[in-house]
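**Q** Sending over target14.cif (mmCIF, C-alpha atoms).
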```cif
data_input
#
loop_
_atom_site.group_PDB
_atom_site.id
_atom_site.type_symbol
_atom_site.label_atom_id
_atom_site.label_comp_id
_atom_site.auth_asym_id
_atom_site.auth_seq_id
_atom_site.Cartn_x
_atom_site.Cartn_y
_atom_site.Cartn_z
ATOM 1 C CA MET A 23 66.712 58.908 75.140
ATOM 2 C CA PRO A 24 70.039 60.627 75.925
ATOM 3 C CA PRO A 25 70.089 64.443 75.901
ATOM 4 C CA ARG A 26 71.562 66.197 72.877
ATOM 5 C CA SER A 27 75.022 67.667 73.275
ATOM 6 C CA SER A 28 75.405 71.444 73.030
ATOM 7 C CA SER A 29 79.003 71.078 71.853
ATOM 8 C CA PRO A 30 79.782 71.988 68.195
ATOM 9 C CA ILE A 31 82.263 69.108 68.033
ATOM 10 C CA PRO A 32 79.805 66.474 66.659
ATOM 11 C CA ALA A 33 78.808 68.841 63.855
ATOM 12 C CA GLY A 34 82.463 69.398 63.003
ATOM 13 C CA LEU A 35 83.142 65.683 62.942
ATOM 14 C CA ASP A 36 80.145 65.179 60.645
ATOM 15 C CA GLN A 37 81.653 67.645 58.180
ATOM 16 C CA LEU A 38 85.015 65.899 58.335
ATOM 17 C CA ALA A 39 83.302 62.568 57.636
ATOM 18 C CA ALA A 40 82.225 63.876 54.227
ATOM 19 C CA THR A 41 85.777 64.638 53.134
ATOM 20 C CA ARG A 42 88.154 62.195 51.526
ATOM 21 C CA PRO A 43 90.627 60.407 53.848
ATOM 22 C CA ALA A 44 93.913 62.173 54.414
ATOM 23 C CA GLU A 45 96.842 60.827 52.454
ATOM 24 C CA PRO A 46 100.192 60.181 54.170
ATOM 25 C CA GLY A 47 101.859 63.184 52.583
ATOM 26 C CA GLU A 48 99.208 65.622 53.782
ATOM 27 C CA HIS A 49 100.058 65.481 57.479
ATOM 28 C CA PRO A 50 103.448 67.177 57.025
ATOM 29 C CA GLN A 51 101.736 69.708 54.740
ATOM 30 C CA LEU A 52 99.391 70.751 57.538
ATOM 31 C CA LEU A 53 102.262 71.022 59.984
ATOM 32 C CA GLY A 54 104.134 73.094 57.418
ATOM 33 C CA ARG A 55 101.161 75.481 57.148
ATOM 34 C CA LEU A 56 101.036 75.815 60.928
ATOM 35 C CA ALA A 57 104.789 76.415 61.034
ATOM 36 C CA ALA A 58 104.250 79.504 58.859
ATOM 37 C CA VAL A 59 102.214 81.153 61.632
ATOM 38 C CA PRO A 60 104.375 83.766 63.432
ATOM 39 C CA ASP A 61 105.483 82.627 66.868
ATOM 40 C CA PRO A 62 104.526 85.267 69.478
ATOM 41 C CA ARG A 63 107.076 83.961 72.000
ATOM 42 C CA ARG A 64 110.645 85.076 72.480
ATOM 43 C CA ALA A 65 113.223 82.868 70.802
ATOM 44 C CA LYS A 66 114.968 82.193 74.097
ATOM 45 C CA GLY A 67 113.349 79.538 76.236
ATOM 46 C CA ARG A 68 111.093 77.935 73.644
ATOM 47 C CA ARG A 69 110.737 74.261 74.513
ATOM 48 C CA HIS A 70 107.943 73.219 72.152
ATOM 49 C CA PRO A 71 107.546 74.296 68.504
ATOM 50 C CA LEU A 72 104.552 76.495 67.807
ATOM 51 C CA ALA A 73 103.221 74.147 65.100
ATOM 52 C CA PHE A 74 103.281 71.275 67.610
ATOM 53 C CA ILE A 75 101.199 73.196 70.170
ATOM 54 C CA LEU A 76 98.690 74.309 67.530
ATOM 55 C CA ALA A 77 98.371 70.779 66.149
ATOM 56 C CA LEU A 78 97.826 69.434 69.659
ATOM 57 C CA ALA A 79 95.148 72.048 70.283
ATOM 58 C CA ALA A 80 93.348 71.157 67.042
ATOM 59 C CA CYS A 81 93.317 67.439 67.842
ATOM 60 C CA ALA A 82 92.215 68.017 71.424
ATOM 61 C CA VAL A 83 89.349 70.324 70.380
ATOM 62 C CA LEU A 84 88.132 67.738 67.870
ATOM 63 C CA ALA A 85 88.209 65.198 70.711
ATOM 64 C CA GLY A 86 85.970 67.452 72.837
ATOM 65 C CA ALA A 87 88.369 69.742 74.755
ATOM 66 C CA LYS A 88 86.900 73.168 75.522
ATOM 67 C CA SER A 89 89.659 74.891 77.519
ATOM 68 C CA PRO A 90 93.471 75.160 77.600
ATOM 69 C CA ALA A 91 93.498 72.900 80.665
ATOM 70 C CA ALA A 92 91.488 70.251 78.793
ATOM 71 C CA ILE A 93 93.830 70.540 75.801
ATOM 72 C CA ALA A 94 96.864 70.029 78.032
ATOM 73 C CA GLU A 95 95.175 67.068 79.727
ATOM 74 C CA TRP A 96 94.448 65.456 76.354
ATOM 75 C CA ALA A 97 98.047 66.034 75.263
ATOM 76 C CA ALA A 98 99.399 64.516 78.473
ATOM 77 C CA ASP A 99 97.372 61.349 77.829
ATOM 78 C CA ALA A 100 98.347 61.116 74.145
ATOM 79 C CA PRO A 101 100.757 58.279 73.272
ATOM 80 C CA PRO A 102 104.362 59.190 72.376
ATOM 81 C CA ALA A 103 103.801 58.090 68.768
ATOM 82 C CA ALA A 104 100.971 60.624 68.368
ATOM 83 C CA LEU A 105 103.104 63.407 69.842
ATOM 84 C CA THR A 106 105.915 62.557 67.440
ATOM 85 C CA VAL A 107 103.607 62.648 64.401
ATOM 86 C CA LEU A 108 102.283 66.057 65.493
ATOM 87 C CA GLY A 109 105.790 67.514 65.571
ATOM 88 C CA ALA A 110 107.108 67.031 69.115
ATOM 89 C CA THR A 111 110.847 67.358 69.640
ATOM 90 C CA ARG A 112 112.619 64.562 71.505
ATOM 91 C CA ARG A 113 114.362 66.322 74.384
ATOM 92 C CA GLU A 114 113.890 63.778 77.161
ATOM 93 C CA PRO A 115 115.425 60.269 77.165
ATOM 94 C CA SER A 116 111.991 58.834 77.893
ATOM 95 C CA GLY A 117 110.523 60.310 74.700
ATOM 96 C CA PRO A 118 108.561 63.382 73.591
ATOM 97 C CA THR A 119 106.699 65.406 76.203
ATOM 98 C CA ALA A 120 103.505 67.425 76.011
ATOM 99 C CA PRO A 121 103.332 71.144 76.899
ATOM 100 C CA ALA A 122 101.903 72.260 80.212
ATOM 101 C CA ALA A 123 98.514 73.950 80.514
ATOM 102 C CA ALA A 124 100.142 77.346 81.154
ATOM 103 C CA THR A 125 102.141 77.055 77.922
ATOM 104 C CA VAL A 126 99.052 76.138 75.923
ATOM 105 C CA ARG A 127 97.113 79.038 77.406
ATOM 106 C CA ARG A 128 99.807 81.639 76.719
ATOM 107 C CA VAL A 129 100.308 80.485 73.121
ATOM 108 C CA LEU A 130 96.595 80.417 72.257
ATOM 109 C CA GLN A 131 96.043 83.839 73.835
ATOM 110 C CA ARG A 132 98.904 85.490 71.939
ATOM 111 C CA VAL A 133 98.916 83.751 68.554
ATOM 112 C CA ASP A 134 97.887 85.790 65.496
ATOM 113 C CA GLY A 135 94.318 84.637 64.847
ATOM 114 C CA ASP A 136 94.212 85.876 61.224
ATOM 115 C CA ALA A 137 97.473 84.113 60.378
ATOM 116 C CA LEU A 138 96.208 80.897 61.968
ATOM 117 C CA ASP A 139 92.913 81.122 60.062
ATOM 118 C CA ALA A 140 94.812 81.679 56.808
ATOM 119 C CA ALA A 141 97.066 78.669 57.402
ATOM 120 C CA ILE A 142 94.217 76.277 58.222
ATOM 121 C CA GLY A 143 91.968 77.715 55.518
ATOM 122 C CA THR A 144 94.605 77.234 52.829
ATOM 123 C CA TRP A 145 95.054 73.604 53.842
ATOM 124 C CA LEU A 146 91.293 73.005 53.925
ATOM 125 C CA ALA A 147 90.858 74.587 50.487
ATOM 126 C CA ALA A 148 93.267 72.033 49.037
ATOM 127 C CA ARG A 149 91.185 69.260 50.630
ATOM 128 C CA ASP A 150 87.856 70.486 49.232
ATOM 129 C CA PRO A 151 86.079 67.329 48.006
ATOM 130 C CA GLY A 152 84.644 69.379 45.127
ATOM 131 C CA ARG A 153 88.094 69.904 43.647
ATOM 132 C CA PRO A 154 89.690 67.183 41.522
ATOM 133 C CA ARG A 155 92.935 65.610 42.693
ATOM 134 C CA PRO A 156 96.128 66.497 40.825
ATOM 135 C CA GLY A 157 96.142 64.779 37.449
ATOM 136 C CA GLN A 158 92.456 63.844 37.678
ATOM 137 C CA ASP A 159 90.035 65.169 35.060
ATOM 138 C CA ARG A 160 86.351 65.661 35.634
ATOM 139 C CA ALA A 161 83.978 64.527 32.919
ATOM 140 C CA ALA A 162 81.465 67.271 33.717
ATOM 141 C CA PRO A 163 83.197 70.311 35.245
ATOM 142 C CA ARG A 164 81.141 72.289 37.742
ATOM 143 C CA ARG A 165 81.767 75.756 39.067
ATOM 144 C CA SER A 166 82.754 75.766 42.717
ATOM 145 C CA SER A 167 80.926 78.070 45.119
ATOM 146 C CA LEU A 168 81.929 80.163 48.092
ATOM 147 C CA ALA A 169 79.539 81.803 50.567
ATOM 148 C CA VAL A 170 80.722 84.851 52.525
ATOM 149 C CA ASP A 171 78.924 85.706 55.752
ATOM 150 C CA GLY A 172 79.623 87.202 59.155
ATOM 151 C CA LYS A 173 78.661 85.775 62.529
ATOM 152 C CA SER A 174 79.229 86.646 66.155
ATOM 153 C CA VAL A 175 81.147 84.056 68.172
ATOM 154 C CA ARG A 176 78.990 82.845 71.043
ATOM 155 C CA GLY A 177 80.658 83.158 74.412
ATOM 156 C CA ALA A 178 83.785 84.927 73.087
ATOM 157 C CA ARG A 179 84.607 88.393 74.447
ATOM 158 C CA ARG A 180 87.516 90.750 73.926
ATOM 159 C CA ALA A 181 89.407 92.353 76.751
ATOM 160 C CA ASP A 182 87.193 95.461 76.482
ATOM 161 C CA GLY A 183 84.032 93.353 76.794
ATOM 162 C CA THR A 184 82.927 93.578 73.154
ATOM 163 C CA GLN A 185 81.779 90.406 71.398
ATOM 164 C CA VAL A 186 84.052 88.743 68.855
ATOM 165 C CA TYR A 187 82.717 88.927 65.281
ATOM 166 C CA LEU A 188 84.123 86.919 62.377
ATOM 167 C CA LEU A 189 83.735 87.113 58.612
ATOM 168 C CA ALA A 190 84.117 83.689 57.008
ATOM 169 C CA ALA A 191 84.103 82.146 53.520
ATOM 170 C CA MET A 192 82.652 78.633 53.304
ATOM 171 C CA THR A 193 82.588 76.227 50.364
ATOM 172 C CA GLY A 194 79.556 74.277 49.228
ATOM 173 C CA ALA A 195 80.951 71.246 51.068
ATOM 174 C CA GLY A 196 80.926 73.137 54.385
ATOM 175 C CA LEU A 197 84.677 73.845 54.635
ATOM 176 C CA VAL A 198 85.695 77.278 55.965
ATOM 177 C CA THR A 199 88.588 78.226 53.685
ATOM 178 C CA ALA A 200 89.108 81.772 54.985
ATOM 179 C CA GLN A 201 88.163 83.658 58.128
ATOM 180 C CA ARG A 202 89.001 87.035 59.613
ATOM 181 C CA GLU A 203 88.072 88.869 62.761
ATOM 182 C CA VAL A 204 86.111 92.085 62.285
ATOM 183 C CA ASP A 205 87.450 94.813 64.550
ATOM 184 C CA SER A 206 84.925 96.401 66.882
ATOM 185 C CA LYS A 207 85.694 99.839 65.393
ATOM 186 C CA THR A 208 84.915 98.876 61.797
ATOM 187 C CA ASN A 209 82.566 96.561 59.854
ATOM 188 C CA GLU A 210 82.619 93.565 57.492
ATOM 189 C CA ILE A 211 83.162 95.675 54.362
ATOM 190 C CA THR A 212 86.784 96.455 55.227
ATOM 191 C CA VAL A 213 87.566 92.760 55.825
ATOM 192 C CA PHE A 214 85.962 91.348 52.639
ATOM 193 C CA ARG A 215 88.844 91.979 50.226
ATOM 194 C CA PRO A 216 91.784 91.106 52.543
ATOM 195 C CA MET A 217 90.085 87.817 53.468
ATOM 196 C CA LEU A 218 89.528 86.696 49.859
ATOM 197 C CA ALA A 219 92.765 88.088 48.359
ATOM 198 C CA PRO A 220 94.951 84.992 49.043
ATOM 199 C CA LEU A 221 92.352 82.529 47.651
ATOM 200 C CA ASP A 222 92.246 81.109 44.135
ATOM 201 C CA LEU A 223 88.738 82.121 43.016
ATOM 202 C CA GLY A 224 89.056 81.512 39.288
ATOM 203 C CA ASP A 225 85.618 80.557 37.869
ATOM 204 C CA THR A 226 84.177 80.376 41.419
ATOM 205 C CA VAL A 227 80.694 81.715 42.185
ATOM 206 C CA VAL A 228 80.892 83.928 45.299
ATOM 207 C CA THR A 229 77.708 84.765 47.198
ATOM 208 C CA PHE A 230 77.228 87.394 49.895
ATOM 209 C CA ASP A 231 74.512 89.503 51.523
ATOM 210 C CA ALA A 232 73.397 93.036 50.731
ATOM 211 C CA LEU A 233 76.036 94.650 52.942
ATOM 212 C CA HIS A 234 78.792 93.491 50.567
ATOM 213 C CA SER A 235 76.961 94.456 47.370
ATOM 214 C CA GLN A 236 79.521 97.153 46.653
ATOM 215 C CA THR A 237 80.977 98.270 43.313
ATOM 216 C CA ALA A 238 84.522 97.838 44.634
ATOM 217 C CA HIS A 239 83.775 94.260 45.691
ATOM 218 C CA ALA A 240 82.292 93.460 42.273
ATOM 219 C CA ARG A 241 85.333 94.831 40.445
ATOM 220 C CA PHE A 242 87.675 92.974 42.761
ATOM 221 C CA LEU A 243 85.948 89.622 42.189
ATOM 222 C CA VAL A 244 85.504 89.888 38.416
ATOM 223 C CA GLU A 245 88.627 91.786 37.357
ATOM 224 C CA ASP A 246 91.205 90.712 39.942
ATOM 225 C CA LYS A 247 90.034 87.237 40.997
ATOM 226 C CA LYS A 248 88.332 86.177 37.692
ATOM 227 C CA ALA A 249 85.304 84.999 39.677
ATOM 228 C CA HIS A 250 81.532 85.225 39.316
ATOM 229 C CA TYR A 251 79.214 86.515 41.998
ATOM 230 C CA ILE A 252 75.586 86.640 43.129
ATOM 231 C CA ALA A 253 74.806 89.904 44.895
ATOM 232 C CA VAL A 254 71.742 90.647 46.994
ATOM 233 C CA ILE A 255 70.497 94.110 46.081
ATOM 234 C CA LYS A 256 68.470 96.103 48.600
ATOM 235 C CA ARG A 257 67.864 99.771 49.208
ATOM 236 C CA ASN A 258 71.452 100.408 50.301
ATOM 237 C CA GLN A 259 72.056 100.527 46.507
ATOM 238 C CA PRO A 260 69.066 102.700 45.502
ATOM 239 C CA LEU A 261 69.878 103.227 41.807
ATOM 240 C CA LEU A 262 70.631 99.581 41.097
ATOM 241 C CA HIS A 263 67.665 98.503 43.197
ATOM 242 C CA GLN A 264 65.352 100.719 41.119
ATOM 243 C CA HIS A 265 66.999 99.487 37.906
ATOM 244 C CA LEU A 266 66.271 95.878 38.792
ATOM 245 C CA LYS A 267 62.732 96.549 39.992
ATOM 246 C CA GLN A 268 61.873 97.873 36.529
ATOM 247 C CA LEU A 269 62.808 94.622 34.813
ATOM 248 C CA PRO A 270 59.786 92.708 33.427
ATOM 249 C CA TRP A 271 59.869 89.951 36.035
ATOM 250 C CA ARG A 272 56.334 88.793 35.143
ATOM 251 C CA ASP A 273 57.621 87.763 31.713
ATOM 252 C CA VAL A 274 60.644 85.879 33.124
ATOM 253 C CA PRO A 275 60.039 82.139 33.654
ATOM 254 C CA LEU A 276 60.277 80.751 37.174
ATOM 255 C CA LEU A 277 63.269 78.416 37.551
ATOM 256 C CA ASP A 278 62.861 77.276 41.135
ATOM 257 C CA LYS A 279 60.812 77.891 44.271
ATOM 258 C CA THR A 280 61.449 76.874 47.868
ATOM 259 C CA ARG A 281 59.486 77.360 51.061
ATOM 260 C CA ALA A 282 60.906 77.002 54.550
ATOM 261 C CA THR A 283 60.620 78.326 58.074
ATOM 262 C CA ALA A 284 63.689 80.230 59.239
ATOM 263 C CA HIS A 285 64.410 82.998 61.752
ATOM 264 C CA GLY A 286 60.877 82.665 63.099
ATOM 265 C CA ARG A 287 59.117 83.391 59.806
ATOM 266 C CA ASP A 288 57.813 81.606 56.747
ATOM 267 C CA GLU A 289 60.110 82.229 53.770
ATOM 268 C CA ILE A 290 59.252 81.713 50.107
ATOM 269 C CA ARG A 291 62.147 82.089 47.673
ATOM 270 C CA ARG A 292 61.676 82.273 43.924
ATOM 271 C CA VAL A 293 64.582 82.116 41.478
ATOM 272 C CA LYS A 294 64.500 83.760 38.047
ATOM 273 C CA THR A 295 67.267 84.769 35.664
ATOM 274 C CA ALA A 296 67.343 87.531 33.067
ATOM 275 C CA PRO A 297 70.035 88.640 30.598
ATOM 276 C CA PRO A 298 72.083 91.698 31.670
ATOM 277 C CA SER A 299 70.350 94.078 29.270
ATOM 278 C CA PRO A 300 69.583 97.711 30.147
ATOM 279 C CA VAL A 301 66.087 98.674 31.194
ATOM 280 C CA ALA A 302 64.046 100.362 28.475
ATOM 281 C CA SER A 303 63.850 103.805 30.031
ATOM 282 C CA THR A 304 61.912 105.212 27.060
ATOM 283 C CA SER A 305 58.803 103.244 27.969
ATOM 284 C CA PRO A 306 56.267 105.648 29.558
ATOM 285 C CA THR A 307 54.653 102.882 31.631
ATOM 286 C CA PRO A 308 57.197 100.206 32.578
ATOM 287 C CA PRO A 309 55.783 96.828 33.638
ATOM 288 C CA ARG A 310 54.841 96.689 37.297
ATOM 289 C CA PRO A 311 57.224 94.209 38.986
ATOM 290 C CA CYS A 312 55.968 91.299 41.020
ATOM 291 C CA ARG A 313 55.564 92.470 44.616
ATOM 292 C CA SER A 314 56.886 89.152 45.956
ATOM 293 C CA CYS A 315 60.168 89.375 44.012
ATOM 294 C CA ALA A 316 63.263 90.911 45.528
ATOM 295 C CA ALA A 317 65.948 91.605 42.953
ATOM 296 C CA VAL A 318 69.352 90.034 43.125
ATOM 297 C CA GLY A 319 71.865 91.115 40.506
ATOM 298 C CA SER A 320 75.248 92.401 39.498
ATOM 299 C CA SER A 321 76.714 95.848 39.724
ATOM 300 C CA PRO A 322 76.810 97.556 36.291
ATOM 301 C CA PRO A 323 80.601 98.088 36.201
ATOM 302 C CA ALA A 324 81.321 94.348 36.392
ATOM 303 C CA ARG A 325 78.756 92.068 34.804
ATOM 304 C CA SER A 326 78.905 88.321 34.629
ATOM 305 C CA PRO A 327 76.493 85.781 33.102
ATOM 306 C CA TRP A 328 75.975 84.402 36.611
ATOM 307 C CA ASN A 329 74.976 87.768 38.086
ATOM 308 C CA LEU A 330 71.265 88.125 37.564
ATOM 309 C CA SER A 331 68.817 86.078 39.558
ATOM 310 C CA THR A 332 65.929 86.769 41.875
ATOM 311 C CA GLN A 333 65.389 85.730 45.433
ATOM 312 C CA SER A 334 62.208 86.610 47.268
ATOM 313 C CA PRO A 335 61.747 86.121 50.998
ATOM 314 C CA THR A 336 58.264 86.889 52.228
#
```
Kindly present the structure from the file in structure tokens form.
**A**
Amino acid sequence: MPPRSSSPIPAGLDQLAATRPAEPGEHPQLLGRLAAVPDPRRAKGRRHPLAFILALAACAVLAGAKSPAAIAEWAADAPPAALTVLGATRREPSGPTAPAAATVRRVLQRVDGDALDAAIGTWLAARDPGRPRPGQDRAAPRRSSLAVDGKSVRGARRADGTQVYLLAAMTGAGLVTAQREVDSKTNEITVFRPMLAPLDLGDTVVTFDALHSQTAHARFLVEDKKAHYIAVIKRNQPLLHQHLKQLPWRDVPLLDKTRATAHGRDEIRRVKTAPPSPVASTSPTPPRPCRSCAAVGSSPPARSPWNLSTQSPT
């Protein structure tokens, strides 16, 4: 039995296999998105367009390249027709040429990562298999979903030695539509709104962890982006946490229950929903909440019918 590969490339290819095939007109659209990324090089002496180098890097990484030298090697072996489709300029009589490894390295080190993420994310959002094609109606419309979470990038270090940390937004189909680097001197909260601001989130259900359960985030999603959200409420929001604990969860029917092993522990998750009604504070002895239920709900300033549910890890 062959050993399993540690490369993330097979997983990425599996996600691409679930998407619809690219149409002929979409290749220039991707190159156009990449062309919008600011070029960090001086105008004088540019031999290869920035979009061409970025497109080459993307194709080479999908083929298994893990370094600028490997990207340049893949590009050197690519047929002239492939280089032309990816945006190469014909400067030599023999045909288009690929950039050298030093050029690839300098461009990838200096390119604006946030601008590149925004360009690729916008193109991927348009290719979300959950969205209907232009002019196509869905018989049973479904709300799209977007999960926001932060992760450290394994093996990536900044010049000062700190680890690279990214905040990303991923669709239910596994497509990362937005991504931003979190500066080492701040946290995810400051990146949440700038990352989601360019996206069309109308009628989308956005999920996030307790760190982002902030009143400002709730107002931004509901009032500015016309979206719904599911917020995880913990003790970093003490008043709302106490408000939700006092709800009569024993009287709320159980909608779903899952059990799995994750992060080295056995997790049981129960899902319940309750209408966004205020807690009866006049009751001298409020019902004792279920000890295995952790409340998940909306922030009072911005309520949505999709806000209130329960999720209980044990």
**Q** Restricting the calculation to all atoms listed in the file, which member of A:Thr226, A:Leu233, A:Ala87, A:Val59 is positioned closest to Asn209 of chain A?
**A**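 Smallest separation from Asn209 of chain A among the options: A:Leu233.
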**Q** Could you expand the PyMOL selection byres ((chain A and resi 256) around 10) into the explicit residues it covers here, written as a PDB file with C-alpha atoms, in the coordinates of the input?
**A**
```pdb
ATOM      1  CA  ASP A 231      74.512  89.503  51.523  1.00  0.00           C
ATOM      2  CA  ALA A 232      73.397  93.036  50.731  1.00  0.00           C
ATOM      3  CA  LEU A 233      76.036  94.650  52.942  1.00  0.00           C
ATOM      4  CA  SER A 235      76.961  94.456  47.370  1.00  0.00           C
ATOM      5  CA  ALA A 253      74.806  89.904  44.895  1.00  0.00           C
ATOM      6  CA  VAL A 254      71.742  90.647  46.994  1.00  0.00           C
ATOM      7  CA  ILE A 255      70.497  94.110  46.081  1.00  0.00           C
ATOM      8  CA  ARG A 257      67.864  99.771  49.208  1.00  0.00           C
ATOM      9  CA  ASN A 258      71.452 100.408  50.301  1.00  0.00           C
ATOM     10  CA  GLN A 259      72.056 100.527  46.507  1.00  0.00           C
ATOM     11  CA  PRO A 260      69.066 102.700  45.502  1.00  0.00           C
ATOM     12  CA  LEU A 261      69.878 103.227  41.807  1.00  0.00           C
ATOM     13  CA  LEU A 262      70.631  99.581  41.097  1.00  0.00           C
ATOM     14  CA  HIS A 263      67.665  98.503  43.197  1.00  0.00           C
ATOM     15  CA  GLN A 264      65.352 100.719  41.119  1.00  0.00           C
ATOM     16  CA  ALA A 316      63.263  90.911  45.528  1.00  0.00           C
ATOM     17  CA  ALA A 317      65.948  91.605  42.953  1.00  0.00           C
ATOM     18  CA  VAL A 318      69.352  90.034  43.125  1.00  0.00           C
TER      19      VAL A 318
END
```
**Q** From the set A:Gly172, A:Gly196, A:Pro62, A:Pro71, which residue has the shortest atom-to-atom contact distance to Ala110 of chain A, counting only C-alpha atoms?
**A** A:Pro71
**Q** Any chance you could work out the residue set of the PyMOL selection byres ((chain A and resi 224) around 10) here, as an MDAnalysis selection string?
**A** chainID A and resid 165:166 221:223 225:227 243:244 246:250
**Q** To one decimal in Å, tell me the separation between atom CA of Arg202 of chain A and atom CA of Lys173 of chain A.
**A**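 Separation between atom CA of Arg202 of chain A and atom CA of Lys173 of chain A: 10.8 Å.
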**Q** Rounded to one decimal in Å, what is the spacing between atom CA of Asp61 of chain A and atom CA of Arg132 of chain A?
**A** 8.8 Å
**Q** May I ask for the distance between atom CA of Ala92 of chain A and atom CA of Val198 of chain A, given in Å to one decimal place?
**A**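 A separation of 24.6 Å between them.
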**Q** So that I can check the surroundings of segment 138-146 of chain A, please list as a PyMOL selection string every protein, DNA and RNA residue that reaches within 8 Å of it, counting all atoms listed in the file and ignoring chain neighbours fewer than 5 positions away.
**A** chain A and resi 51-52+55-56+58-59+133+197-202+221
**Q** Go through A:Val107, A:Leu277, A:Leu76, A:Ala122 and flag the residue nearest Glu95 of chain A, using only C-alpha atoms for the distances.
**A**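 Looking only at the distances to Glu95 of chain A, the closest residue turns out to be A:Ala122.
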**Q** If you apply the PyMOL selection byres ((chain A and resi 121) around 10) to this file, what residues do you get, as a list in words?
**A**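 Output of the PyMOL selection byres ((chain A and resi 121) around 10): Arg69, His70, Pro71, Phe74, Ile75, Leu78, Ile93, Ala94, Glu95, Ala97, Ala98, Ala110, Pro118, Thr119, Ala120, Ala122, Ala123, Ala124, Thr125 and Val126 of chain A.
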**Q** Limited to C-alpha atoms, could you put the picked residues into a file as a PDB file, keeping the file's coordinate frame?
**A**
```
ATOM      1  CA  ARG A  69     110.737  74.261  74.513  1.00  0.00           C
ATOM      2  CA  HIS A  70     107.943  73.219  72.152  1.00  0.00           C
ATOM      3  CA  PRO A  71     107.546  74.296  68.504  1.00  0.00           C
ATOM      4  CA  PHE A  74     103.281  71.275  67.610  1.00  0.00           C
ATOM      5  CA  ILE A  75     101.199  73.196  70.170  1.00  0.00           C
ATOM      6  CA  LEU A  78      97.826  69.434  69.659  1.00  0.00           C
ATOM      7  CA  ILE A  93      93.830  70.540  75.801  1.00  0.00           C
ATOM      8  CA  ALA A  94      96.864  70.029  78.032  1.00  0.00           C
ATOM      9  CA  GLU A  95      95.175  67.068  79.727  1.00  0.00           C
ATOM     10  CA  ALA A  97      98.047  66.034  75.263  1.00  0.00           C
ATOM     11  CA  ALA A  98      99.399  64.516  78.473  1.00  0.00           C
ATOM     12  CA  ALA A 110     107.108  67.031  69.115  1.00  0.00           C
ATOM     13  CA  PRO A 118     108.561  63.382  73.591  1.00  0.00           C
ATOM     14  CA  THR A 119     106.699  65.406  76.203  1.00  0.00           C
ATOM     15  CA  ALA A 120     103.505  67.425  76.011  1.00  0.00           C
ATOM     16  CA  ALA A 122     101.903  72.260  80.212  1.00  0.00           C
ATOM     17  CA  ALA A 123      98.514  73.950  80.514  1.00  0.00           C
ATOM     18  CA  ALA A 124     100.142  77.346  81.154  1.00  0.00           C
ATOM     19  CA  THR A 125     102.141  77.055  77.922  1.00  0.00           C
ATOM     20  CA  VAL A 126      99.052  76.138  75.923  1.00  0.00           C
TER      21      VAL A 126
END
```
**Q** List the neighbours of Asp205 of chain A out to 12 Å using all atoms listed in the file; skip same-chain residues closer than 6 positions along the sequence, and give me the result as a list in words.
**A**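 The residues satisfying every condition are Asp136, Ser174, Arg180, Asp182, Thr184, Gln185, Val186, Tyr187, Leu188, Leu189, Ile211, Thr212 and Val213 of chain A.
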**Q** Take every atom of segment 88-107 of chain A listed in the file, pad by 4 Å on each side, and give me the axis-aligned box centre and edge lengths in Å, one decimal, as lines of an AutoDock Vina configuration file.
**A**
```
center_x = 96.4
center_y = 66.6
center_z = 72.5
size_x = 27.0
size_y = 25.1
size_z = 24.3
```
